[in-house]
Every structure is written in structure tokens, then in C-alpha cells.
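Visitor: Below is the file query-v1.txt, with compact mmCIF, N, CA and C atoms.
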```txt
# COMPACT_ATOMS: atom_id res chain seq x y z
N MET A 106 32.19 -4.80 45.10
CA MET A 106 30.86 -5.35 45.17
C MET A 106 30.98 -6.87 45.35
N SER A 107 30.27 -7.38 46.33
CA SER A 107 30.33 -8.82 46.59
C SER A 107 29.50 -9.57 45.56
N ALA A 108 29.70 -10.89 45.53
CA ALA A 108 28.95 -11.72 44.59
C ALA A 108 27.46 -11.65 44.88
N ARG A 109 27.12 -11.61 46.15
CA ARG A 109 25.70 -11.55 46.54
C ARG A 109 25.05 -10.25 46.03
N GLU A 110 25.75 -9.14 46.21
CA GLU A 110 25.24 -7.86 45.73
C GLU A 110 25.11 -7.85 44.21
N ALA A 111 26.09 -8.44 43.54
CA ALA A 111 26.06 -8.49 42.07
C ALA A 111 24.88 -9.34 41.60
N ILE A 112 24.62 -10.44 42.29
CA ILE A 112 23.50 -11.31 41.93
C ILE A 112 22.19 -10.57 42.12
N ILE A 113 22.04 -9.89 43.23
CA ILE A 113 20.81 -9.14 43.50
C ILE A 113 20.62 -8.04 42.46
N GLU A 114 21.69 -7.34 42.14
CA GLU A 114 21.63 -6.26 41.15
C GLU A 114 21.21 -6.80 39.78
N LEU A 115 21.81 -7.92 39.37
CA LEU A 115 21.47 -8.51 38.07
C LEU A 115 20.02 -8.99 38.05
N GLN A 116 19.57 -9.60 39.13
CA GLN A 116 18.18 -10.06 39.20
C GLN A 116 17.21 -8.88 39.08
N THR A 117 17.54 -7.80 39.74
CA THR A 117 16.70 -6.59 39.67
C THR A 117 16.67 -6.05 38.24
N GLN A 118 17.82 -5.98 37.60
CA GLN A 118 17.88 -5.48 36.23
C GLN A 118 17.11 -6.39 35.27
N ILE A 119 17.21 -7.70 35.47
CA ILE A 119 16.48 -8.65 34.63
C ILE A 119 14.98 -8.43 34.80
N GLN A 120 14.52 -8.28 36.03
CA GLN A 120 13.11 -8.04 36.28
C GLN A 120 12.65 -6.73 35.63
N ASP A 121 13.47 -5.69 35.75
CA ASP A 121 13.13 -4.41 35.12
C ASP A 121 13.02 -4.54 33.61
N HIS A 122 13.97 -5.23 33.00
CA HIS A 122 13.94 -5.42 31.56
C HIS A 122 12.71 -6.24 31.14
N ASN A 123 12.38 -7.26 31.92
CA ASN A 123 11.20 -8.06 31.60
C ASN A 123 9.92 -7.24 31.70
N GLN A 124 9.84 -6.34 32.67
CA GLN A 124 8.68 -5.46 32.78
C GLN A 124 8.57 -4.52 31.56
N VAL A 125 9.71 -4.01 31.13
CA VAL A 125 9.73 -3.14 29.96
C VAL A 125 9.28 -3.92 28.72
N ILE A 126 9.74 -5.15 28.59
CA ILE A 126 9.35 -5.99 27.46
C ILE A 126 7.83 -6.21 27.45
N ILE A 127 7.27 -6.51 28.62
CA ILE A 127 5.82 -6.71 28.73
C ILE A 127 5.09 -5.44 28.32
N HIS A 128 5.55 -4.30 28.82
CA HIS A 128 4.92 -3.02 28.49
C HIS A 128 4.99 -2.74 26.99
N LEU A 129 6.14 -2.99 26.38
CA LEU A 129 6.30 -2.75 24.95
C LEU A 129 5.40 -3.67 24.13
N ARG A 130 5.29 -4.93 24.54
CA ARG A 130 4.41 -5.86 23.82
C ARG A 130 2.97 -5.41 23.91
N GLN A 131 2.56 -4.90 25.07
CA GLN A 131 1.20 -4.40 25.22
C GLN A 131 0.96 -3.21 24.30
N LYS A 132 1.95 -2.31 24.23
CA LYS A 132 1.82 -1.14 23.35
C LYS A 132 1.75 -1.58 21.89
N ILE A 133 2.53 -2.59 21.52
CA ILE A 133 2.50 -3.09 20.15
C ILE A 133 1.12 -3.66 19.83
N GLN A 134 0.56 -4.43 20.77
CA GLN A 134 -0.77 -4.99 20.55
C GLN A 134 -1.81 -3.89 20.39
N LEU A 135 -1.72 -2.86 21.21
CA LEU A 135 -2.64 -1.73 21.11
C LEU A 135 -2.52 -1.04 19.76
N GLU A 136 -1.29 -0.79 19.35
CA GLU A 136 -1.05 -0.14 18.06
C GLU A 136 -1.56 -1.00 16.91
N LEU A 137 -1.36 -2.32 16.99
CA LEU A 137 -1.84 -3.21 15.94
C LEU A 137 -3.36 -3.20 15.86
N ARG A 138 -4.02 -3.16 17.02
CA ARG A 138 -5.48 -3.10 17.07
C ARG A 138 -5.98 -1.82 16.39
N GLU A 139 -5.36 -0.70 16.73
CA GLU A 139 -5.75 0.58 16.14
C GLU A 139 -5.46 0.60 14.64
N LEU A 140 -4.34 0.01 14.23
CA LEU A 140 -3.99 -0.07 12.82
C LEU A 140 -5.06 -0.84 12.05
N LYS A 141 -5.51 -1.95 12.61
CA LYS A 141 -6.55 -2.75 11.95
C LYS A 141 -7.85 -1.96 11.81
N LYS A 142 -8.20 -1.20 12.84
CA LYS A 142 -9.40 -0.37 12.78
C LYS A 142 -9.28 0.66 11.66
N GLU A 143 -8.12 1.30 11.59
CA GLU A 143 -7.89 2.32 10.56
C GLU A 143 -7.93 1.71 9.17
N GLN A 144 -7.31 0.54 9.02
CA GLN A 144 -7.31 -0.11 7.71
C GLN A 144 -8.72 -0.54 7.31
N LEU A 145 -9.49 -1.03 8.26
CA LEU A 145 -10.87 -1.41 7.97
C LEU A 145 -11.70 -0.20 7.56
N THR A 146 -11.55 0.88 8.29
CA THR A 146 -12.27 2.12 7.96
C THR A 146 -11.86 2.62 6.58
N LEU A 147 -10.58 2.58 6.31
CA LEU A 147 -10.08 3.01 5.01
C LEU A 147 -10.64 2.14 3.88
N SER A 148 -10.70 0.85 4.10
CA SER A 148 -11.25 -0.03 3.06
C SER A 148 -12.74 0.23 2.84
N GLU A 149 -13.45 0.53 3.93
CA GLU A 149 -14.87 0.85 3.79
C GLU A 149 -15.05 2.19 3.06
N LEU A 150 -14.20 3.15 3.35
CA LEU A 150 -14.29 4.45 2.67
C LEU A 150 -13.93 4.34 1.19
N SER A 151 -13.07 3.40 0.86
CA SER A 151 -12.66 3.27 -0.54
C SER A 151 -13.82 2.81 -1.42
N THR A 152 -14.83 2.20 -0.82
CA THR A 152 -15.99 1.77 -1.60
C THR A 152 -16.95 2.93 -1.88
N LEU A 153 -16.78 4.03 -1.14
CA LEU A 153 -17.67 5.18 -1.31
C LEU A 153 -17.18 6.08 -2.43
N ASP A 154 -18.12 6.74 -3.07
CA ASP A 154 -17.81 7.72 -4.10
C ASP A 154 -17.27 8.98 -3.42
N ASP A 155 -16.38 9.70 -4.09
CA ASP A 155 -15.79 10.91 -3.50
C ASP A 155 -16.82 12.00 -3.25
N SER A 156 -17.94 11.93 -3.93
CA SER A 156 -18.98 12.95 -3.74
C SER A 156 -19.89 12.64 -2.56
N THR A 157 -19.69 11.50 -1.91
CA THR A 157 -20.52 11.11 -0.78
C THR A 157 -20.28 12.06 0.40
N SER A 158 -21.36 12.46 1.04
CA SER A 158 -21.23 13.34 2.21
C SER A 158 -20.63 12.54 3.37
N SER A 159 -19.62 13.11 3.99
CA SER A 159 -18.96 12.45 5.11
C SER A 159 -18.85 13.44 6.26
N PHE A 160 -18.82 12.87 7.46
CA PHE A 160 -18.73 13.70 8.65
C PHE A 160 -17.65 13.14 9.56
N LYS A 161 -17.00 14.04 10.27
CA LYS A 161 -15.94 13.66 11.19
C LYS A 161 -16.33 14.14 12.58
N ALA A 162 -16.16 13.25 13.56
CA ALA A 162 -16.48 13.61 14.94
C ALA A 162 -15.38 14.50 15.51
N VAL A 163 -15.79 15.62 16.06
CA VAL A 163 -14.87 16.54 16.74
C VAL A 163 -15.51 16.86 18.08
N GLY A 164 -15.01 16.19 19.10
CA GLY A 164 -15.64 16.35 20.41
C GLY A 164 -17.04 15.76 20.38
N LYS A 165 -18.03 16.57 20.72
CA LYS A 165 -19.42 16.11 20.70
C LYS A 165 -20.15 16.50 19.43
N THR A 166 -19.45 17.16 18.53
CA THR A 166 -20.09 17.61 17.29
C THR A 166 -19.50 16.88 16.09
N PHE A 167 -20.18 17.00 14.97
CA PHE A 167 -19.71 16.43 13.72
C PHE A 167 -19.57 17.55 12.71
N ILE A 168 -18.49 17.47 11.94
CA ILE A 168 -18.30 18.47 10.89
C ILE A 168 -18.26 17.77 9.54
N ALA A 169 -18.79 18.43 8.54
CA ALA A 169 -18.77 17.89 7.18
C ALA A 169 -17.35 18.00 6.64
N ILE A 170 -16.89 16.94 6.04
CA ILE A 170 -15.54 16.90 5.50
C ILE A 170 -15.55 16.00 4.27
N SER A 171 -14.73 16.30 3.30
CA SER A 171 -14.73 15.51 2.07
C SER A 171 -14.17 14.10 2.35
N THR A 172 -14.66 13.16 1.58
CA THR A 172 -14.22 11.77 1.74
C THR A 172 -12.74 11.63 1.41
N THR A 173 -12.26 12.38 0.44
CA THR A 173 -10.84 12.30 0.08
C THR A 173 -9.96 12.79 1.22
N THR A 174 -10.41 13.82 1.94
CA THR A 174 -9.64 14.33 3.08
C THR A 174 -9.58 13.27 4.19
N ILE A 175 -10.70 12.63 4.44
CA ILE A 175 -10.73 11.57 5.47
C ILE A 175 -9.81 10.43 5.06
N LYS A 176 -9.85 10.05 3.79
CA LYS A 176 -8.99 8.97 3.30
C LYS A 176 -7.52 9.33 3.47
N LYS A 177 -7.18 10.57 3.13
CA LYS A 177 -5.78 11.01 3.27
C LYS A 177 -5.34 11.00 4.73
N GLU A 178 -6.20 11.51 5.62
CA GLU A 178 -5.87 11.51 7.05
C GLU A 178 -5.67 10.09 7.57
N LEU A 179 -6.56 9.19 7.17
CA LEU A 179 -6.42 7.80 7.61
C LEU A 179 -5.17 7.15 7.04
N SER A 180 -4.85 7.45 5.79
CA SER A 180 -3.62 6.91 5.19
C SER A 180 -2.39 7.40 5.95
N ASP A 181 -2.37 8.68 6.26
CA ASP A 181 -1.25 9.25 7.02
C ASP A 181 -1.14 8.62 8.40
N LYS A 182 -2.29 8.46 9.07
CA LYS A 182 -2.28 7.82 10.40
C LYS A 182 -1.78 6.39 10.32
N THR A 183 -2.19 5.69 9.27
CA THR A 183 -1.78 4.30 9.09
C THR A 183 -0.27 4.21 8.91
N ILE A 184 0.28 5.09 8.10
CA ILE A 184 1.74 5.10 7.87
C ILE A 184 2.47 5.40 9.18
N GLU A 185 2.01 6.39 9.92
CA GLU A 185 2.64 6.74 11.19
C GLU A 185 2.54 5.59 12.19
N ARG A 186 1.39 4.95 12.23
CA ARG A 186 1.20 3.84 13.17
C ARG A 186 2.11 2.67 12.81
N GLU A 187 2.28 2.38 11.52
CA GLU A 187 3.19 1.31 11.10
C GLU A 187 4.62 1.62 11.51
N LYS A 188 5.02 2.89 11.39
CA LYS A 188 6.36 3.29 11.83
C LYS A 188 6.51 3.10 13.34
N GLU A 189 5.47 3.46 14.08
CA GLU A 189 5.50 3.32 15.54
C GLU A 189 5.59 1.85 15.94
N ILE A 190 4.85 0.99 15.25
CA ILE A 190 4.91 -0.44 15.53
C ILE A 190 6.31 -0.98 15.26
N LYS A 191 6.91 -0.55 14.17
CA LYS A 191 8.27 -0.99 13.84
C LYS A 191 9.25 -0.53 14.93
N ASN A 192 9.11 0.73 15.36
CA ASN A 192 9.98 1.27 16.40
C ASN A 192 9.82 0.50 17.71
N LEU A 193 8.57 0.25 18.10
CA LEU A 193 8.31 -0.49 19.34
C LEU A 193 8.86 -1.91 19.26
N THR A 194 8.73 -2.52 18.11
CA THR A 194 9.24 -3.88 17.92
C THR A 194 10.76 -3.90 18.07
N GLN A 195 11.42 -2.92 17.49
CA GLN A 195 12.88 -2.83 17.61
C GLN A 195 13.29 -2.62 19.07
N GLN A 196 12.55 -1.76 19.78
CA GLN A 196 12.84 -1.54 21.20
C GLN A 196 12.66 -2.82 22.00
N ALA A 197 11.60 -3.57 21.71
CA ALA A 197 11.35 -4.82 22.42
C ALA A 197 12.45 -5.84 22.15
N GLU A 198 12.89 -5.94 20.90
CA GLU A 198 13.97 -6.86 20.55
C GLU A 198 15.26 -6.48 21.25
N TYR A 199 15.58 -5.19 21.27
CA TYR A 199 16.79 -4.73 21.93
C TYR A 199 16.73 -5.01 23.44
N THR A 200 15.59 -4.72 24.05
CA THR A 200 15.45 -4.94 25.48
C THR A 200 15.51 -6.42 25.80
N GLN A 201 14.94 -7.24 24.94
CA GLN A 201 14.99 -8.69 25.15
C GLN A 201 16.44 -9.20 25.05
N LYS A 202 17.18 -8.63 24.10
CA LYS A 202 18.60 -9.00 23.95
C LYS A 202 19.39 -8.62 25.20
N LYS A 203 19.13 -7.42 25.72
CA LYS A 203 19.83 -6.98 26.93
C LYS A 203 19.47 -7.86 28.13
N ALA A 204 18.20 -8.26 28.23
CA ALA A 204 17.77 -9.13 29.33
C ALA A 204 18.47 -10.48 29.23
N LYS A 205 18.61 -11.00 28.02
CA LYS A 205 19.30 -12.28 27.82
C LYS A 205 20.77 -12.16 28.22
N GLU A 206 21.40 -11.04 27.88
CA GLU A 206 22.79 -10.81 28.28
C GLU A 206 22.92 -10.78 29.80
N LEU A 207 21.98 -10.11 30.46
CA LEU A 207 22.00 -10.06 31.92
C LEU A 207 21.81 -11.44 32.53
N GLU A 208 20.93 -12.24 31.93
CA GLU A 208 20.74 -13.61 32.42
C GLU A 208 22.01 -14.43 32.27
N ASN A 209 22.70 -14.26 31.14
CA ASN A 209 23.96 -14.96 30.93
C ASN A 209 25.02 -14.51 31.94
N ASN A 210 25.07 -13.22 32.23
CA ASN A 210 26.00 -12.71 33.23
C ASN A 210 25.70 -13.31 34.61
N LEU A 211 24.41 -13.41 34.93
CA LEU A 211 24.01 -13.99 36.21
C LEU A 211 24.44 -15.45 36.28
N LYS A 212 24.24 -16.19 35.21
CA LYS A 212 24.66 -17.59 35.18
C LYS A 212 26.17 -17.72 35.34
N ASP A 213 26.90 -16.81 34.69
CA ASP A 213 28.37 -16.83 34.82
C ASP A 213 28.81 -16.61 36.26
N ILE A 214 28.18 -15.65 36.92
CA ILE A 214 28.53 -15.38 38.32
C ILE A 214 28.20 -16.59 39.19
N LEU A 215 27.04 -17.19 38.97
CA LEU A 215 26.64 -18.36 39.76
C LEU A 215 27.57 -19.54 39.50
N ARG A 216 28.00 -19.71 38.26
CA ARG A 216 28.98 -20.77 37.95
C ARG A 216 30.30 -20.50 38.67
N ALA A 217 30.71 -19.22 38.68
CA ALA A 217 32.00 -18.85 39.27
C ALA A 217 32.03 -19.14 40.76
N ILE A 218 30.90 -18.96 41.42
CA ILE A 218 30.89 -19.21 42.87
C ILE A 218 30.46 -20.64 43.19
N GLY A 219 30.19 -21.42 42.12
CA GLY A 219 29.87 -22.84 42.31
C GLY A 219 28.44 -23.11 42.72
N ALA A 220 27.55 -22.15 42.52
CA ALA A 220 26.16 -22.35 42.92
C ALA A 220 25.39 -23.23 41.93
N ILE A 221 25.80 -23.19 40.66
CA ILE A 221 25.17 -24.07 39.68
C ILE A 221 26.25 -24.79 38.89
N LYS A 222 25.85 -25.88 38.28
CA LYS A 222 26.79 -26.65 37.46
C LYS A 222 26.33 -26.62 36.03
N VAL A 223 27.29 -26.72 35.13
CA VAL A 223 27.01 -26.70 33.69
C VAL A 223 26.28 -27.90 33.34
```
Show the structure stored in the file as C-alpha cells.
Guide:
Amino acid sequence: MSAREAIIELQTQIQDHNQVIIHLRQKIQLELRELKKEQLTLSELSTLDDSTSSFKAVGKTFIAISTTTIKKELSDKTIEREKEIKNLTQQAEYTQKKAKELENNLKDILRAIGAIKV
């Protein structure tokens, strides 16, 4: 593989990694937004008495459901969403690290052929 081909390949990989990073950050923001909604709903439900009538939307209809059940479902969703955010953050950090390594490799190749100076 020539130096030119290696440079093109590294640039392509860097661009791909940067696109993945952008996508992961967007997913993290979406998950954080949903987490805040769930936490707000949960805090509002915590002010209600357990005997309060509650309804859950299912499609176009609403079904009666106990407040404790809704609280438990929201708590479970919140825990799962926090795990997902942690996972996405780790993926973004790993991808960012790989992109930085590729950038360093590209700089090394350019230094080797004399295209840039230290």
C-alpha cells in the first residue's frame, strides 16, 4: 500500500469514527432528555397518594392502573435508561480514543514522507 493510499484510508476511517461519535452523542442527548422526563414524572407521582386513581395510555385508550405499579415501571425504566447512557458514553469514549489514534497515525505517516514538520 502506498503512502497516498494509506493517507486516504486513514482519513476515511477518521471521518467514519467522527460520524459515529456524533451519532452516539445525539443518542446520549436523547436518552438524557427521556431520563429527565421520567424522573420528573416520577417525582410528580411521588406526591400522590397510592390510592389515587391513575391511568396509563395504551395506544388510543387509557387503562386504570395503580400508582405504585406506574412508579415501579418508571423506576425500572429510569434504571435501564441510566445503564444505556453509561454504555453509550463508554462507546463514545472508546470511539473517540480510536479516532485520536488514527489521527496520530496519519500525522506519523505525513511526518515520514516530509509533508508536515514537527
Visitor: Enumerate, in order of chain and increasing residue number, the residues of range 182-205 of chain A with an atom no farther than 8 Å from range 158-178 of chain A, each with its shortest atom pair and distance in Å to one decimal, counting all atoms listed in the file, as a tab-separated table.
Guide:
```
residue	atom	partner	partner_atom	distance
A:Lys182	N	A:Glu178	C	4.0
A:Thr183	N	A:Glu178	C	5.9
A:Ile184	N	A:Glu178	C	7.8
```
Visitor: Limited to N, CA and C atoms, could you put the picked residues into a file as a tab-separated table (two decimals), in the coordinates of the input?
Guide:
```tsv
chain	number	residue	atom	x	y	z
A	182	LYS	N	-2.29	8.46	9.07
A	182	LYS	CA	-2.28	7.82	10.40
A	182	LYS	C	-1.78	6.39	10.32
A	183	THR	N	-2.19	5.69	9.27
A	183	THR	CA	-1.78	4.30	9.09
A	183	THR	C	-0.27	4.21	8.91
A	184	ILE	N	0.28	5.09	8.10
A	184	ILE	CA	1.74	5.10	7.87
A	184	ILE	C	2.47	5.40	9.18
```
Visitor: What's the 6.5 Å shell around range 112-125 of chain A, counting all atoms listed in the file, without same-chain residues fewer than 6 positions away, as a count of residues only?
Guide: 5
Visitor: Identify which of the residues A:Thr146, A:Thr157, A:Ala108, A:Thr194 lies closest to Lys132 in chain A, counting only N, CA and C atoms when measuring atom-to-atom distances.
Guide: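 Among the listed residues, A:Thr194 lies closest to Lys132 in chain A.
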Visitor: Enumerate as a list in words all residues of range 106-221 of chain A assigned to strand (DSSP E or B) by DSSP on the backbone, naming them with the chain letters and numbers the document uses.
Guide: Ser159, Phe160, Lys161, Ala162, Val163, Thr166, Phe167, Ile168, Ala169 and Ile170 of chain A
Visitor: Kindly export the residues of the current selection with N, CA and C atoms, as an mmCIF file, in the frame of the given file.
Guide:
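Saved to result.cif:
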```
data_model
loop_
_atom_site.group_PDB
_atom_site.id
_atom_site.type_symbol
_atom_site.label_atom_id
_atom_site.label_comp_id
_atom_site.auth_asym_id
_atom_site.auth_seq_id
_atom_site.Cartn_x
_atom_site.Cartn_y
_atom_site.Cartn_z
ATOM 1 N N SER A 159 -19.620 13.110 3.990
ATOM 2 C CA SER A 159 -18.960 12.450 5.110
ATOM 3 C C SER A 159 -18.850 13.440 6.260
ATOM 4 N N PHE A 160 -18.820 12.870 7.460
ATOM 5 C CA PHE A 160 -18.730 13.700 8.650
ATOM 6 C C PHE A 160 -17.650 13.140 9.560
ATOM 7 N N LYS A 161 -17.000 14.040 10.270
ATOM 8 C CA LYS A 161 -15.940 13.660 11.190
ATOM 9 C C LYS A 161 -16.330 14.140 12.580
ATOM 10 N N ALA A 162 -16.160 13.250 13.560
ATOM 11 C CA ALA A 162 -16.480 13.610 14.940
ATOM 12 C C ALA A 162 -15.380 14.500 15.510
ATOM 13 N N VAL A 163 -15.790 15.620 16.060
ATOM 14 C CA VAL A 163 -14.870 16.540 16.740
ATOM 15 C C VAL A 163 -15.510 16.860 18.080
ATOM 16 N N THR A 166 -19.450 17.160 18.530
ATOM 17 C CA THR A 166 -20.090 17.610 17.290
ATOM 18 C C THR A 166 -19.500 16.880 16.090
ATOM 19 N N PHE A 167 -20.180 17.000 14.970
ATOM 20 C CA PHE A 167 -19.710 16.430 13.720
ATOM 21 C C PHE A 167 -19.570 17.550 12.710
ATOM 22 N N ILE A 168 -18.490 17.470 11.940
ATOM 23 C CA ILE A 168 -18.300 18.470 10.890
ATOM 24 C C ILE A 168 -18.260 17.770 9.540
ATOM 25 N N ALA A 169 -18.790 18.430 8.540
ATOM 26 C CA ALA A 169 -18.770 17.890 7.180
ATOM 27 C C ALA A 169 -17.350 18.000 6.640
ATOM 28 N N ILE A 170 -16.890 16.940 6.040
ATOM 29 C CA ILE A 170 -15.540 16.900 5.500
ATOM 30 C C ILE A 170 -15.550 16.000 4.270
#
```
Visitor: Quick one: pull the distance between CA of Leu150 in chain A and CA of Leu179 in chain A, Å, one decimal.
Guide: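 So the answer is 9.9 Å.
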Visitor: Between A:Ile214, A:Ile133, A:Leu145, A:Leu140, which has the minimum distance to Arg186 in chain A (counting only C-alpha atoms)?
Guide: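 Residue with the minimum atom-to-atom distance to Arg186 in chain A: A:Leu140.
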Visitor: May I ask for the distance between atom N of Ala197 in chain A and atom N of Gln131 in chain A, given in Å to one decimal place?
Guide: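 Between atom N of Ala197 in chain A and atom N of Gln131 in chain A the gap is 9.7 Å.
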Visitor: Using Å and a single decimal, report how far atom C of Leu193 in chain A sits from CA of Glu136 in chain A.
Guide: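 Between CA of Glu136 in chain A and atom C of Leu193 in chain A the gap is 10.1 Å.
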